[in-house]
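Data block for coords.txt (compact mmCIF, C-alpha atoms):
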```
# COMPACT_ATOMS: atom_id res chain seq x y z
CA MET A 216 -19.77 -12.23 -5.10
CA THR A 217 -17.97 -14.11 -2.39
CA ILE A 218 -14.93 -16.30 -2.84
CA ALA A 219 -16.09 -19.40 -4.68
CA GLN A 220 -13.04 -21.60 -4.23
CA VAL A 221 -12.28 -23.65 -1.14
CA PHE A 222 -9.00 -23.72 0.78
CA ASP A 223 -7.60 -24.39 4.24
CA TYR A 224 -6.26 -21.71 6.56
CA GLN A 225 -3.47 -21.95 9.14
CA ARG A 226 -2.11 -19.34 11.52
CA PRO A 227 1.35 -20.38 12.79
CA GLU A 228 2.92 -18.54 15.71
CA THR A 229 6.57 -19.08 14.85
CA LEU A 230 8.62 -18.91 11.67
CA ASP A 231 9.73 -22.54 12.10
CA GLU A 232 6.12 -23.64 12.26
CA ALA A 233 5.28 -21.57 9.19
CA VAL A 234 8.18 -23.01 7.17
CA ARG A 235 7.14 -26.55 8.17
CA MET A 236 3.58 -25.85 7.02
CA LEU A 237 4.78 -24.44 3.71
CA SER A 238 7.35 -27.08 2.89
CA GLY A 239 5.35 -30.02 4.27
CA HIS A 240 2.35 -29.33 2.09
CA ALA A 241 2.00 -31.14 -1.23
CA GLY A 242 -0.45 -28.76 -2.93
CA GLU A 243 -0.29 -25.06 -3.69
CA VAL A 244 0.32 -22.86 -0.65
CA ARG A 245 0.16 -19.08 -0.37
CA VAL A 246 1.50 -16.88 2.40
CA LEU A 247 -1.08 -14.37 3.65
CA ALA A 248 0.06 -11.03 5.09
CA GLY A 249 -2.10 -7.96 4.36
CA GLY A 250 -4.16 -9.80 1.77
CA THR A 251 -4.98 -6.78 -0.37
CA ASP A 252 -3.68 -8.55 -3.47
CA LEU A 253 -4.24 -12.12 -2.30
CA VAL A 254 -7.94 -11.86 -1.40
CA ALA A 255 -8.69 -10.05 -4.66
CA TRP A 256 -6.81 -12.77 -6.58
CA LEU A 257 -8.70 -15.51 -4.71
CA ARG A 258 -11.98 -13.90 -5.69
CA ASP A 259 -10.84 -13.54 -9.31
CA GLU A 260 -9.59 -17.14 -9.27
CA ALA A 261 -6.26 -15.85 -10.54
CA ILE A 262 -4.71 -18.27 -8.03
CA ALA A 263 -5.99 -21.56 -6.64
CA PRO A 264 -4.17 -22.44 -3.40
CA ASP A 265 -5.45 -25.24 -1.21
CA LEU A 266 -3.76 -23.74 1.86
CA LEU A 267 -3.23 -20.19 3.12
CA VAL A 268 -0.59 -19.64 5.80
CA ASP A 269 -1.36 -16.41 7.66
CA ILE A 270 1.90 -15.05 9.12
CA LYS A 271 0.39 -12.13 11.07
CA GLN A 272 0.66 -13.92 14.45
CA ILE A 273 4.42 -14.39 14.10
CA GLU A 274 6.27 -11.99 16.36
CA GLY A 275 9.05 -9.69 15.17
CA LEU A 276 8.03 -9.47 11.52
CA GLY A 277 6.38 -6.08 11.97
CA ASP A 278 9.46 -4.11 12.98
CA ILE A 279 11.40 -1.33 11.28
CA VAL A 280 14.92 -1.59 12.69
CA ASP A 281 17.77 0.92 12.44
CA GLU A 282 20.88 -1.16 11.74
CA GLY A 283 23.17 1.86 11.47
CA ASP A 284 24.25 1.69 7.83
CA ALA A 285 20.95 0.09 6.81
CA VAL A 286 17.29 -0.14 7.79
CA ALA A 287 15.55 -3.52 8.07
CA ILE A 288 11.86 -3.58 7.16
CA GLY A 289 10.01 -6.66 8.42
CA SER A 290 7.60 -8.55 6.20
CA LEU A 291 4.53 -7.37 8.13
CA VAL A 292 5.43 -3.66 7.92
CA THR A 293 2.57 -1.90 6.13
CA PHE A 294 2.73 1.13 3.86
CA SER A 295 1.05 3.12 6.66
CA ASP A 296 3.81 2.02 9.05
CA LEU A 297 6.41 3.23 6.52
CA LEU A 298 4.60 6.51 5.93
CA ASN A 299 4.39 7.21 9.69
CA SER A 300 7.96 6.16 10.49
CA GLU A 301 10.33 9.00 11.37
CA LEU A 302 13.25 6.67 10.65
CA ILE A 303 12.03 6.02 7.11
CA ARG A 304 11.16 9.68 6.49
CA THR A 305 14.58 10.96 7.51
CA ARG A 306 16.87 8.18 6.26
CA LEU A 307 15.05 6.67 3.29
CA PRO A 308 12.90 9.51 1.92
CA LEU A 309 12.25 7.73 -1.38
CA ILE A 310 10.50 4.90 0.50
CA HIS A 311 8.50 7.49 2.47
CA GLU A 312 7.42 9.25 -0.71
CA MET A 313 6.57 5.99 -2.47
CA ALA A 314 4.51 4.71 0.49
CA GLY A 315 2.27 7.77 0.30
CA THR A 316 1.31 6.99 -3.30
CA VAL A 317 0.11 3.43 -2.74
CA GLY A 318 -3.68 3.02 -2.85
CA SER A 319 -5.43 4.91 -0.09
CA THR A 320 -5.25 4.82 3.71
CA GLY A 321 -7.59 1.80 3.93
CA ILE A 322 -5.26 -0.15 1.64
CA ARG A 323 -2.03 1.19 3.18
CA ASN A 324 -3.20 0.15 6.67
CA ARG A 325 -3.20 -3.45 5.50
CA ALA A 326 -0.86 -3.83 2.50
CA THR A 327 2.79 -4.61 3.22
CA LEU A 328 5.95 -3.62 1.31
CA VAL A 329 7.13 -7.23 1.32
CA GLY A 330 3.74 -8.45 0.09
CA ASN A 331 3.98 -5.87 -2.67
CA ILE A 332 7.27 -7.30 -3.99
CA CYS A 333 6.05 -10.88 -3.47
CA SER A 334 2.97 -10.16 -5.60
CA ALA A 335 5.49 -8.73 -8.07
CA VAL A 336 3.01 -7.20 -10.49
CA PRO A 337 4.85 -5.04 -13.05
CA SER A 338 3.24 -1.88 -11.64
CA CYS A 339 4.29 -2.54 -8.04
CA ASP A 340 5.47 0.61 -6.26
CA GLY A 341 7.89 -1.10 -3.88
CA GLY A 342 10.08 -2.78 -6.51
CA PRO A 343 11.70 0.16 -8.32
CA VAL A 344 12.39 1.99 -5.07
CA LEU A 345 14.12 -1.03 -3.53
CA LEU A 346 16.11 -1.43 -6.77
CA VAL A 347 17.67 2.04 -6.52
CA TYR A 348 18.48 1.51 -2.83
CA ASP A 349 20.24 -1.80 -3.72
CA ALA A 350 18.15 -3.58 -1.08
CA ALA A 351 18.30 -7.28 -0.24
CA VAL A 352 15.47 -9.71 0.50
CA TYR A 353 15.97 -12.06 3.45
CA VAL A 354 14.11 -15.36 3.39
CA VAL A 355 13.95 -18.54 5.45
CA GLY A 356 13.06 -21.94 4.10
CA PRO A 357 13.48 -25.64 4.75
CA ASN A 358 17.22 -25.29 3.97
CA GLY A 359 17.71 -22.34 6.30
CA PRO A 360 18.03 -18.61 5.65
CA ARG A 361 19.31 -16.93 2.51
CA ARG A 362 19.79 -13.42 1.18
CA ILE A 363 18.58 -12.48 -2.29
CA PRO A 364 19.80 -9.19 -3.83
CA ILE A 365 16.78 -7.25 -5.08
CA HIS A 366 18.34 -7.27 -8.58
CA GLU A 367 17.86 -11.03 -8.67
CA TRP A 368 14.38 -10.96 -7.13
CA PHE A 369 12.01 -10.08 -9.98
CA LEU A 370 11.85 -12.82 -12.64
CA GLY A 371 8.68 -11.79 -14.49
CA PRO A 372 5.12 -10.64 -13.93
CA ARG A 373 4.01 -12.15 -10.56
CA GLU A 374 7.18 -14.24 -10.56
CA THR A 375 10.03 -13.97 -8.04
CA ALA A 376 13.16 -15.78 -6.92
CA LEU A 377 11.35 -17.07 -3.81
CA ALA A 378 11.62 -20.86 -3.79
CA ARG A 379 8.97 -23.32 -2.69
CA GLY A 380 8.63 -23.48 1.09
CA GLU A 381 10.36 -20.13 1.66
CA ILE A 382 9.03 -17.06 3.51
CA VAL A 383 10.40 -13.53 3.33
CA THR A 384 11.30 -12.23 6.79
CA LYS A 385 12.53 -8.73 5.88
CA VAL A 386 14.09 -6.47 3.31
CA VAL A 387 17.28 -4.71 4.32
CA VAL A 388 17.80 -1.30 2.76
CA PRO A 389 21.32 0.22 2.85
CA VAL A 390 21.28 3.95 3.64
CA PRO A 391 23.38 5.76 1.01
CA VAL A 392 26.49 7.32 2.58
CA GLY A 393 26.67 11.12 2.59
CA GLY A 394 22.95 11.83 2.29
CA HIS A 395 20.78 11.82 -0.79
CA GLY A 396 17.93 13.53 -2.54
CA ALA A 397 15.24 11.43 -4.18
CA ALA A 398 11.99 11.51 -6.10
CA TYR A 399 9.24 8.97 -6.73
CA VAL A 400 7.33 10.22 -9.76
CA ARG A 401 4.16 8.28 -10.37
CA LEU A 402 1.58 8.54 -13.12
CA SER A 403 -1.96 7.25 -12.58
CA ARG A 404 -5.39 8.07 -13.97
CA TYR A 405 -6.64 9.41 -10.66
CA GLU A 406 -5.32 9.68 -7.11
CA GLY A 407 -6.51 7.45 -4.31
CA GLU A 408 -6.74 3.98 -5.81
CA ASP A 409 -5.27 3.50 -9.23
CA LEU A 410 -2.25 1.35 -9.97
CA ALA A 411 0.68 3.17 -11.53
CA GLN A 412 0.58 3.62 -15.31
CA ALA A 413 4.28 4.36 -15.06
CA SER A 414 6.72 5.37 -12.35
CA VAL A 415 10.25 6.72 -12.16
CA SER A 416 12.43 6.40 -9.08
CA VAL A 417 15.41 8.72 -8.79
CA LEU A 418 18.03 8.57 -6.08
CA ALA A 419 20.51 11.45 -6.14
CA PRO A 420 23.53 11.05 -3.87
CA PRO A 421 26.11 13.87 -3.80
CA ASP A 422 28.42 14.12 -6.85
CA HIS A 423 25.60 13.19 -9.25
CA LEU A 424 26.00 9.44 -8.91
CA PHE A 425 22.37 8.93 -9.87
CA ARG A 426 20.50 5.67 -9.43
CA LEU A 427 17.36 5.25 -11.54
CA ALA A 428 14.56 2.74 -11.95
CA PHE A 429 11.31 2.51 -13.90
CA GLY A 430 8.07 0.77 -12.90
CA ALA A 431 5.01 -0.45 -14.83
CA VAL A 432 6.86 -0.13 -18.16
CA ALA A 433 8.35 -3.62 -18.49
CA ALA A 434 7.65 -7.15 -17.28
CA THR A 435 9.43 -6.29 -14.03
CA PRO A 436 10.66 -3.09 -12.39
CA VAL A 437 13.90 -2.13 -14.17
CA ARG A 438 17.08 -0.37 -13.12
CA ALA A 439 18.24 2.08 -15.80
CA ARG A 440 22.00 1.41 -15.89
CA ARG A 441 22.66 3.03 -19.27
CA ILE A 442 21.14 6.35 -18.22
CA GLU A 443 23.01 6.14 -14.89
CA ALA A 444 26.30 5.69 -16.78
CA LEU A 445 25.52 8.65 -19.03
CA LEU A 446 24.77 10.95 -16.09
CA MET A 447 27.51 9.77 -13.76
CA GLY A 448 29.33 12.70 -12.17
CA ARG A 449 28.06 15.24 -14.68
CA ALA A 450 26.17 18.46 -14.03
CA LEU A 451 22.57 18.36 -15.26
CA ASP A 452 22.37 20.83 -18.14
CA PRO A 453 19.41 20.80 -20.54
CA GLY A 454 21.43 19.03 -23.24
CA LEU A 455 22.43 16.19 -20.95
CA VAL A 456 18.88 15.77 -19.62
CA ALA A 457 17.58 15.61 -23.20
CA GLU A 458 20.18 12.96 -23.99
CA ALA A 459 19.07 10.98 -20.92
CA MET A 460 15.42 11.26 -21.98
CA GLY A 461 16.41 9.92 -25.39
CA LEU A 462 17.85 6.82 -23.74
CA VAL A 463 14.60 5.94 -21.92
CA ARG A 464 13.35 3.93 -24.91
CA GLU A 465 16.47 1.75 -24.64
CA GLU A 466 15.71 0.91 -21.01
CA ILE A 467 12.01 0.07 -20.94
CA LEU A 468 9.52 -2.03 -22.88
CA PRO A 469 6.02 -0.77 -22.09
CA ILE A 470 2.85 -2.48 -23.24
CA THR A 471 -0.62 -1.22 -24.05
CA ASP A 472 -3.30 -2.26 -21.56
CA MET A 473 -6.50 -0.89 -20.07
CA ARG A 474 -4.59 1.77 -18.13
CA ALA A 475 -2.44 3.31 -20.88
CA THR A 476 -0.97 2.81 -24.33
CA LYS A 477 2.69 1.92 -24.74
CA GLU A 478 3.33 5.19 -26.61
CA TYR A 479 1.87 7.23 -23.74
CA ARG A 480 3.84 5.27 -21.15
CA LEU A 481 7.09 5.80 -23.09
CA ARG A 482 6.61 9.52 -23.60
CA MET A 483 5.51 10.09 -20.01
CA SER A 484 8.45 8.07 -18.67
CA GLU A 485 10.76 10.52 -20.45
CA VAL A 486 8.97 13.51 -18.94
CA MET A 487 8.86 11.88 -15.50
CA LEU A 488 12.60 11.20 -15.64
CA GLN A 489 13.19 14.89 -16.40
CA ARG A 490 11.02 15.99 -13.46
CA GLY A 491 12.44 13.36 -11.12
CA LEU A 492 16.03 14.37 -11.85
CA LYS A 493 15.22 18.03 -11.23
CA ALA A 494 13.27 17.41 -8.00
CA SER A 495 15.82 15.00 -6.55
CA VAL A 496 18.77 17.35 -7.13
CA GLU A 497 16.83 20.27 -5.66
CA ARG A 498 15.87 18.17 -2.66
CA LEU A 499 19.50 17.18 -2.14
CA GLU A 500 20.31 20.90 -2.09
CA GLY A 501 17.43 21.55 0.29
CA THR A 502 15.44 23.71 -2.14
CA GLY A 503 13.09 21.22 -3.82
CA PRO A 504 9.39 20.57 -3.32
CA SER A 505 8.67 18.75 -0.05
CA TYR A 506 8.47 14.96 -0.21
CA GLY A 507 4.97 13.80 -1.03
CA THR A 508 4.30 16.65 -3.46
CA ASN A 509 2.75 15.26 -6.62
CA LEU A 510 5.24 16.02 -9.40
CA MET A 511 2.82 15.14 -12.18
CA MET B 297 -13.66 -22.73 12.14
CA ASP B 298 -14.81 -20.78 15.19
CA ILE B 299 -13.71 -17.20 15.64
CA SER B 300 -14.37 -14.63 18.34
CA VAL B 301 -14.75 -11.05 17.20
CA THR B 302 -15.84 -7.91 18.97
CA VAL B 303 -18.21 -5.91 16.80
CA ASN B 304 -19.14 -2.44 18.05
CA GLY B 305 -18.31 -3.50 21.59
CA ASP B 306 -20.28 -6.74 21.54
CA PRO B 307 -18.47 -10.09 21.64
CA TRP B 308 -19.45 -12.56 18.92
CA LEU B 309 -18.61 -16.24 18.55
CA LEU B 310 -19.00 -17.13 14.91
CA SER B 311 -18.54 -20.24 12.85
CA VAL B 312 -16.95 -19.31 9.51
CA GLU B 313 -15.25 -20.97 6.56
CA PRO B 314 -11.72 -19.95 5.47
CA ASN B 315 -13.17 -18.48 2.26
CA ASP B 316 -15.70 -16.28 4.09
CA VAL B 317 -15.00 -12.58 3.72
CA LEU B 318 -15.43 -10.20 6.67
CA LEU B 319 -17.82 -7.96 4.72
CA GLU B 320 -20.24 -10.86 4.16
CA THR B 321 -19.89 -12.14 7.71
CA LEU B 322 -20.69 -8.72 9.16
CA ARG B 323 -23.75 -8.35 6.98
CA SER B 324 -25.17 -11.86 7.04
CA LYS B 325 -24.07 -13.32 10.39
CA VAL B 326 -23.71 -10.25 12.62
CA GLY B 327 -26.52 -8.37 10.88
CA VAL B 328 -24.62 -5.09 10.52
CA LYS B 329 -25.56 -3.69 7.14
CA SER B 330 -23.65 -0.42 7.02
CA PRO B 331 -20.57 -1.84 5.26
CA LYS B 332 -21.80 -1.88 1.68
CA ILE B 333 -21.09 -4.38 -1.07
CA GLY B 334 -19.57 -2.28 -3.83
CA CYS B 335 -16.69 -3.22 -6.10
CA GLU B 336 -15.49 -6.11 -3.90
CA ARG B 337 -11.91 -5.53 -4.97
CA GLY B 338 -10.76 -2.74 -2.70
CA ASP B 339 -11.32 0.12 -5.12
CA CYS B 340 -14.48 1.88 -3.92
CA GLY B 341 -14.21 2.06 -0.12
CA SER B 342 -17.93 1.35 0.47
CA CYS B 343 -17.13 -1.65 2.68
CA THR B 344 -14.73 0.28 4.96
CA VAL B 345 -14.74 -0.74 8.65
CA LEU B 346 -12.32 -0.05 11.48
CA LEU B 347 -10.20 -3.06 12.44
CA GLU B 348 -8.45 -2.28 15.72
CA GLY B 349 -9.22 1.38 15.07
CA ARG B 350 -7.74 1.52 11.55
CA THR B 351 -9.74 1.63 8.33
CA VAL B 352 -9.59 -1.50 6.22
CA ARG B 353 -11.50 -2.83 3.23
CA SER B 354 -13.73 -5.51 4.75
CA CYS B 355 -14.06 -7.04 1.25
CA LEU B 356 -10.32 -7.79 1.32
CA VAL B 357 -10.20 -9.26 4.84
CA LEU B 358 -11.01 -12.91 5.43
CA SER B 359 -13.33 -13.46 8.39
CA VAL B 360 -10.75 -15.74 10.02
CA GLU B 361 -8.26 -12.86 9.99
CA ALA B 362 -10.57 -10.89 12.31
CA ASP B 363 -10.37 -13.63 14.95
CA GLY B 364 -9.49 -12.06 18.30
CA HIS B 365 -9.85 -8.53 16.96
CA GLU B 366 -12.15 -5.57 17.37
CA VAL B 367 -14.27 -4.35 14.48
CA THR B 368 -16.10 -1.03 14.51
CA THR B 369 -18.68 0.04 11.96
CA ILE B 370 -20.45 3.39 11.79
CA GLU B 371 -23.08 2.06 14.22
CA GLY B 372 -20.36 1.75 16.85
CA LEU B 373 -18.84 5.23 16.52
CA ASP B 374 -21.12 6.63 19.22
CA ASP B 375 -23.16 4.77 21.83
CA ASP B 376 -26.13 7.12 21.68
CA GLY B 377 -27.07 8.90 18.51
CA LEU B 378 -24.80 10.68 16.09
CA THR B 379 -21.25 11.88 16.52
CA SER B 380 -20.56 15.54 15.82
CA LEU B 381 -18.98 14.46 12.51
CA GLN B 382 -22.15 12.62 11.49
CA GLN B 383 -24.32 15.57 12.51
CA PHE B 384 -22.30 17.83 10.20
CA PHE B 385 -22.89 15.36 7.35
CA VAL B 386 -26.61 15.80 8.00
CA ASP B 387 -26.47 19.57 8.44
CA LEU B 388 -24.36 20.22 5.33
CA ASN B 389 -26.16 17.78 3.01
CA SER B 390 -23.00 15.73 2.66
CA PHE B 391 -24.74 12.71 1.19
CA GLN B 392 -27.50 11.98 -1.25
CA CYS B 393 -27.94 8.25 -1.85
CA GLY B 394 -25.89 7.46 1.25
CA PHE B 395 -24.17 4.34 -0.14
CA CYS B 396 -20.64 5.71 0.40
CA THR B 397 -21.43 7.51 3.66
CA PRO B 398 -20.55 4.84 6.26
CA GLY B 399 -17.15 4.29 4.65
CA ILE B 400 -16.43 7.99 4.26
CA VAL B 401 -17.46 8.80 7.83
CA LEU B 402 -15.14 6.07 9.14
CA ALA B 403 -12.26 7.30 6.96
CA ALA B 404 -12.86 10.84 8.22
CA ALA B 405 -13.14 9.65 11.84
CA GLU B 406 -9.77 7.92 11.50
CA LEU B 407 -8.26 11.13 10.12
CA LEU B 408 -9.66 13.31 12.93
CA GLU B 409 -8.40 10.83 15.50
CA GLU B 410 -4.85 11.07 14.14
CA LYS B 411 -4.94 14.69 12.99
CA PRO B 412 -7.52 16.81 14.85
CA ASN B 413 -6.73 19.91 12.77
CA PRO B 414 -6.53 18.64 9.20
CA THR B 415 -5.99 20.81 6.15
CA ARG B 416 -8.33 20.53 3.17
CA GLU B 417 -5.61 18.48 1.43
CA ASP B 418 -5.44 16.11 4.42
CA VAL B 419 -9.19 15.53 4.14
CA GLN B 420 -8.97 14.95 0.40
CA GLU B 421 -6.16 12.45 0.93
CA ALA B 422 -8.03 10.67 3.76
CA ILE B 423 -11.17 10.10 1.70
CA GLY B 424 -9.21 9.56 -1.54
CA GLY B 425 -10.03 5.85 -1.46
CA ASN B 426 -13.78 6.31 -1.09
CA LEU B 427 -15.87 6.86 -4.19
CA CYS B 428 -18.98 9.07 -4.06
CA ARG B 429 -21.01 9.39 -7.26
CA CYS B 430 -23.56 11.90 -5.94
CA THR B 431 -22.05 14.86 -4.15
CA GLY B 432 -18.91 15.83 -6.02
CA TYR B 433 -17.18 15.56 -2.62
CA ALA B 434 -17.31 19.29 -1.80
CA PRO B 435 -19.99 19.04 0.95
CA ILE B 436 -18.23 15.98 2.39
CA ILE B 437 -14.96 17.88 2.74
CA GLU B 438 -16.83 20.82 4.29
CA ALA B 439 -18.46 18.54 6.87
CA VAL B 440 -15.15 17.01 7.94
CA LEU B 441 -13.51 20.44 8.23
CA ALA B 442 -16.53 21.78 10.14
CA ALA B 443 -16.37 18.87 12.59
CA ALA B 444 -12.65 19.51 13.13
CA ASN B 445 -13.31 23.23 13.70
CA ALA B 446 -16.13 22.53 16.14
CA ALA B 447 -13.96 20.12 18.10
CA GLY B 448 -11.16 22.71 18.14
CA ARG B 449 -13.53 25.40 19.48
CA ALA B 450 -14.86 23.03 22.14
CA ALA B 451 -11.30 22.29 23.26
CA ARG B 452 -10.46 26.01 23.66
```
Using the file provided, produce a representation of the structure as structure tokens.
Amino acid sequence: MTIAQVFDYQRPETLDEAVRMLSGHAGEVRVLAGGTDLVAWLRDEAIAPDLLVDIKQIEGLGDIVDEGDAVAIGSLVTFSDLLNSELIRTRLPLIHEMAGTVGSTGIRNRATLVGNICSAVPSCDGGPVLLVYDAAVYVVGPNGPRRIPIHEWFLGPRETALARGEIVTKVVVPVPVGGHGAAYVRLSRYEGEDLAQASVSVLAPPDHLFRLAFGAVAATPVRARRIEALLMGRALDPGLVAEAMGLVREEILPITDMRATKEYRLRMSEVMLQRGLKASVERLEGTGPSYGTNLM
Amino acid sequence: MDISVTVNGDPWLLSVEPNDVLLETLRSKVGVKSPKIGCERGDCGSCTVLLEGRTVRSCLVLSVEADGHEVTTIEGLDDDGLTSLQQFFVDLNSFQCGFCTPGIVLAAAELLEEKPNPTREDVQEAIGGNLCRCTGYAPIIEAVLAAANAAGRAAR
């Protein structure tokens, strides 16, 4: 089955040109980067754009830049680029670990982190990880550039704060001061292709100032502020971890779908939090399983 | 619109529509039939081709996106005959129906290019996006490891 619907295609060479195409068009426009979601959605007729604006010819959007206290990830940076980046591996290990869980190499060679958060499906892998790093999304539009904190980005399933005519240029990820351990714990039916049934992202800076987020268990990726407050500055003994696991049901709102039931997602999220906390603290201390080890 | 694409070393000028998918264009306009029509949603890996040397799902690439780029299918891996990797697939019975084979060989070729001495886990990860319903994967993994070993011996 080919794509049945008809649309136009443009390939601008500058951001200005791209913004003009997006904002000057009366109908529905979609930005095309890696296309691994977009082309599937076109085939499914989940979307019906009359224009695609392919941004892959625009220079400078494919860079990973060390900004000292932060790392900027351009909107054309693929999951393979992230996985192979020494900068990401050493300074933002949670992004490195997450990137290795997305699809398979053939998908990761094409799919971009920015495209992932623009698609904004509840099971997206990029969202929760960017939430715990307190990242910011940089966009340009007809009214100039603006910066959107990642906490204000996700509005609902496939819905973001991106306004009409705007394009994301990069996400900027602050590097936590003083080092950190981390763990991306992901549950799926099989490795290699499946979307996450649930995910837990744990960032463990020194002094137990944990940052936590859940994926695929609510309408959007969610930051778990109540559990963070409970754990703040305290040593992880079994009683405290059990208390944290008990709070998971306050933080998430899973649904039942073809990939899992809500009961299974809830119970596994508790278990994954437990494993993620343990692995991230051990990694901070230099004793944990190497990044990329499947914790499930 | 008109696009120019290099397929297995040959330049092609093709007239395509924006909604044409690379997989279809390769099969129907270029006449290369090794990329297979499987799930058509990026899940099965049967349509895998190399785009600028990297594996992609040709069912998820619009033909217009390949404009100005180089596409390689299994036919283009070696100019004359089989690569060592392909020969090990034959020798070790690494396929039965053969539907997944072009995609898996390309995924394995990409792995060996980047990592000439892969571990078994590396091979499993590299072909993790390619479904095979016949072999149970074991002979495929053996063939990739055997090709890597043979290349290592030849280099010594």
Point out the residue among A:Ile310, A:Val329, A:Ile322, A:Met473 with the least atom-to-atom distance to Val417 (chain A), counting all atoms listed in the file.
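Nearest to Val417 (chain A): A:Ile310.
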Would you mind telling me which residue in A:Arg440, A:Ala434, A:Leu481, A:Tyr348 lies nearest to Thr375 (chain A) when using only C-alpha atoms?
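The closest residue to Thr375 (chain A) is A:Ala434.
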Compile the residues of chain A that lie within 6 Å of chain B, evaluated using only C-alpha atoms, and express the compilation as a tab-separated table (two decimals) with C-alpha atoms, in the coordinates of the input.
```tsv
chain	number	residue	atom	x	y	z
A	218	ILE	CA	-14.93	-16.30	-2.84
A	224	TYR	CA	-6.26	-21.71	6.56
A	251	THR	CA	-4.98	-6.78	-0.37
A	254	VAL	CA	-7.94	-11.86	-1.40
A	255	ALA	CA	-8.69	-10.05	-4.66
A	319	SER	CA	-5.43	4.91	-0.09
A	321	GLY	CA	-7.59	1.80	3.93
A	407	GLY	CA	-6.51	7.45	-4.31
A	408	GLU	CA	-6.74	3.98	-5.81
```
For Ala446 (chain B), which of B:Pro331, B:Pro412, B:Gly432, B:Gly305 is the closest residue, counting only C-alpha atoms?
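Result for the nearest residue to Ala446 (chain B): B:Pro412.
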Please identify all polymer residues lying at most 8 Å from the point (-17.4, 17.0, 7.8) (file coordinates), using all atoms listed in the file, and present the result as a ChimeraX atom specification.
/B:381-382,384-385,390,404,435-444
Using all atoms listed in the file, which residues sit within 10 Å of Asp265 (chain A) once same-chain residues fewer than 3 positions away are excluded, as a PDB file with C-alpha atoms, keeping the file's coordinate frame?
```pdb
ATOM      1  CA  GLN A 220     -13.040 -21.600  -4.230  1.00  0.00           C
ATOM      2  CA  VAL A 221     -12.280 -23.650  -1.140  1.00  0.00           C
ATOM      3  CA  PHE A 222      -9.000 -23.720   0.780  1.00  0.00           C
ATOM      4  CA  ASP A 223      -7.600 -24.390   4.240  1.00  0.00           C
ATOM      5  CA  TYR A 224      -6.260 -21.710   6.560  1.00  0.00           C
ATOM      6  CA  HIS A 240       2.350 -29.330   2.090  1.00  0.00           C
ATOM      7  CA  ALA A 241       2.000 -31.140  -1.230  1.00  0.00           C
ATOM      8  CA  GLY A 242      -0.450 -28.760  -2.930  1.00  0.00           C
ATOM      9  CA  GLU A 243      -0.290 -25.060  -3.690  1.00  0.00           C
ATOM     10  CA  VAL A 244       0.320 -22.860  -0.650  1.00  0.00           C
ATOM     11  CA  ARG A 245       0.160 -19.080  -0.370  1.00  0.00           C
ATOM     12  CA  ILE A 262      -4.710 -18.270  -8.030  1.00  0.00           C
TER      13      ILE A 262
END
```
Could you tell me how far CA of Lys411 (chain B) sits from CA of Val386 (chain B), in Å to one decimal place?
22.3 Å
Taking 4 positions as the minimum chain separation for residues in the same chain, which residues sit within 8 Å of Leu237 (chain A) when counting only C-alpha atoms? Answer as a ChimeraX atom specification.
/A:233,244,268,379-381
